[in-house]
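Visitor: Below is one structure. I have some questions about it.
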Amino acid sequence: MQPLSDRQQQIYELLQTRQRISTVEIQDHFEISSATASRDIHALVLAGAAIKASRGVKLAPPVDSALPEKKCPYCGGMLKERTVFIIQMEDGRQQSVCCCHCGLMALEQTGVRTALACDFLYGRMINASQALYLLGSSVNLCCGPTVLAFANEEEAQHFQLGFGGSVYPMEAAIQELKKLMKL
Ligand SMILES: [Zn+2]
Ligand SMILES: [Zn+2]
């Protein structure tokens, strides 16, 4: 991508106050030819600063909304900080999935080195193989049946008292989840 010229930056500044500007206005304002104005518009569009409008340009939407949202490769749901589950593959790749439900299912693939689950109470990342999982509670944050991770058994059981479900260590949680999914 080419850096914007001074004039192109000035056009961009105009756009920020006016939202939209026509090619003719750019010509008049900067006393340039229509070909030059068109080139400047083209450069701004290429830079992602503006989008084409009829007979001119308008301000591009903020970068955030233009970026694709991060999605879970298993269910297509949005990744959420609160429930994210991160899998480290033996080849160095890292996979982030939406929650422990997709995470436990994803652990069944080959080539998994380690995984981190997000402790539901404190939001810390914990070793997935040492976490305890509460399956089928009434908390519906992401995929059903809900799977929540806890750093220790006591906390998981406290939570279970209020919200139901059953507590399992990782391997048993995977087996149980597979059973529930077949129902
Ligand atoms: Zn998912
Ligand atoms: Zn999920």
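Residue names in the structure tokens use chain letters A, B, ... in the order shown, residue numbers from 1 in each chain, and ligand numbers from 1 in the order shown.
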Residues at most 6 Å from stretch 148-151 of chain A, counting only C-alpha atoms, excluding those fewer than 3 positions away in the same chain, as a VMD selection string?

Guide: chain A and resid 119 to 120 131 to 134 156

Visitor: So which residues are near ligand 2, meaning at most 7 Å away with only C-alpha atoms and all ligand atoms counted, given back as a VMD selection string?

Guide: chain A and resid 75 77 98 to 102 142 to 143

Visitor: Please identify all polymer residues within 10 Å of A:Gln9, counting only C-alpha atoms, omitting same-chain residues fewer than 6 positions from it, and present them as a VMD selection string.

Guide: chain A and resid 3 15 40 44 49

Visitor: Include N, CA and C atoms and write out the residues we just selected as a PDB file, in the first residue's frame.

Guide:
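Once everything was written out, this is out.pdb:
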ATOM      1  N   PRO A   3       1.839   5.074   0.830  1.00  0.00           N
ATOM      2  CA  PRO A   3       1.444   6.055   1.855  1.00  0.00           C
ATOM      3  C   PRO A   3       0.655   7.181   1.186  1.00  0.00           C
ATOM      4  N   LEU A  15     -12.947  14.731   4.737  1.00  0.00           N
ATOM      5  CA  LEU A  15     -13.959  13.679   4.807  1.00  0.00           C
ATOM      6  C   LEU A  15     -14.411  13.417   6.241  1.00  0.00           C
ATOM      7  N   ASP A  40      -6.537  10.674  -6.492  1.00  0.00           N
ATOM      8  CA  ASP A  40      -6.511  10.821  -5.030  1.00  0.00           C
ATOM      9  C   ASP A  40      -7.618   9.981  -4.389  1.00  0.00           C
ATOM     10  N   LEU A  44      -7.241   6.867  -1.702  1.00  0.00           N
ATOM     11  CA  LEU A  44      -7.924   6.825  -0.405  1.00  0.00           C
ATOM     12  C   LEU A  44      -8.756   5.553  -0.263  1.00  0.00           C
ATOM     13  N   ALA A  49      -9.405   4.193   3.619  1.00  0.00           N
ATOM     14  CA  ALA A  49      -9.827   5.385   4.352  1.00  0.00           C
ATOM     15  C   ALA A  49     -11.187   5.881   3.880  1.00  0.00           C
TER      16      ALA A  49
END

Visitor: Tell me, counting only C-alpha atoms and all ligand atoms, for each residue of chain A within 12 Å of ligand 1, which pair of atoms is nearest and how far apart they are in Å to one decimal, in rows ordered by chain and increasing number, as a Markdown table.

Guide:
| residue | atom | partner | partner_atom_place_in_ligand_line | distance |
| --- | --- | --- | --- | --- |
| A:Lys70 | CA | ligand 1 | 1 (Zn) | 11.1 |
| A:Lys71 | CA | ligand 1 | 1 (Zn) | 7.9 |
| A:Cys72 | CA | ligand 1 | 1 (Zn) | 4.6 |
| A:Pro73 | CA | ligand 1 | 1 (Zn) | 6.5 |
| A:Tyr74 | CA | ligand 1 | 1 (Zn) | 4.8 |
| A:Cys75 | CA | ligand 1 | 1 (Zn) | 4.1 |
| A:Gly76 | CA | ligand 1 | 1 (Zn) | 6.0 |
| A:Gly77 | CA | ligand 1 | 1 (Zn) | 5.4 |
| A:Met78 | CA | ligand 1 | 1 (Zn) | 7.7 |
| A:Leu79 | CA | ligand 1 | 1 (Zn) | 7.7 |
| A:Lys80 | CA | ligand 1 | 1 (Zn) | 9.9 |
| A:Thr83 | CA | ligand 1 | 1 (Zn) | 10.1 |
| A:Val84 | CA | ligand 1 | 1 (Zn) | 9.1 |
| A:Phe85 | CA | ligand 1 | 1 (Zn) | 9.2 |
| A:Ile86 | CA | ligand 1 | 1 (Zn) | 11.4 |
| A:Gln95 | CA | ligand 1 | 1 (Zn) | 11.1 |
| A:Ser96 | CA | ligand 1 | 1 (Zn) | 9.0 |
| A:Val97 | CA | ligand 1 | 1 (Zn) | 5.3 |
| A:Cys98 | CA | ligand 1 | 1 (Zn) | 4.3 |
| A:Cys99 | CA | ligand 1 | 1 (Zn) | 6.0 |
| A:Cys100 | CA | ligand 1 | 1 (Zn) | 8.3 |
| A:His101 | CA | ligand 1 | 1 (Zn) | 7.1 |
| A:Cys102 | CA | ligand 1 | 1 (Zn) | 4.6 |
| A:Gly103 | CA | ligand 1 | 1 (Zn) | 7.4 |
| A:Leu104 | CA | ligand 1 | 1 (Zn) | 10.1 |
| A:Met105 | CA | ligand 1 | 1 (Zn) | 9.3 |
| A:Ala106 | CA | ligand 1 | 1 (Zn) | 9.2 |
| A:Leu141 | CA | ligand 1 | 1 (Zn) | 11.3 |
| A:Cys142 | CA | ligand 1 | 1 (Zn) | 7.7 |
| A:Cys143 | CA | ligand 1 | 1 (Zn) | 6.6 |
| A:Gly144 | CA | ligand 1 | 1 (Zn) | 10.0 |
| A:Pro145 | CA | ligand 1 | 1 (Zn) | 11.8 |
| A:Thr146 | CA | ligand 1 | 1 (Zn) | 11.2 |
| A:Val147 | CA | ligand 1 | 1 (Zn) | 11.4 |

Visitor: Hey, which of A:Asp28, A:Ala172, A:Thr17, A:Asp6 ends up closest to A:Ala43? Count only C-alpha atoms.

Guide: A:Asp6

Visitor: Could you state the separation of atom CA of A:Glu31 and atom CA of A:Arg18 in Å, given to one decimal place?

Guide: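 These two atoms are separated by 18.9 Å.
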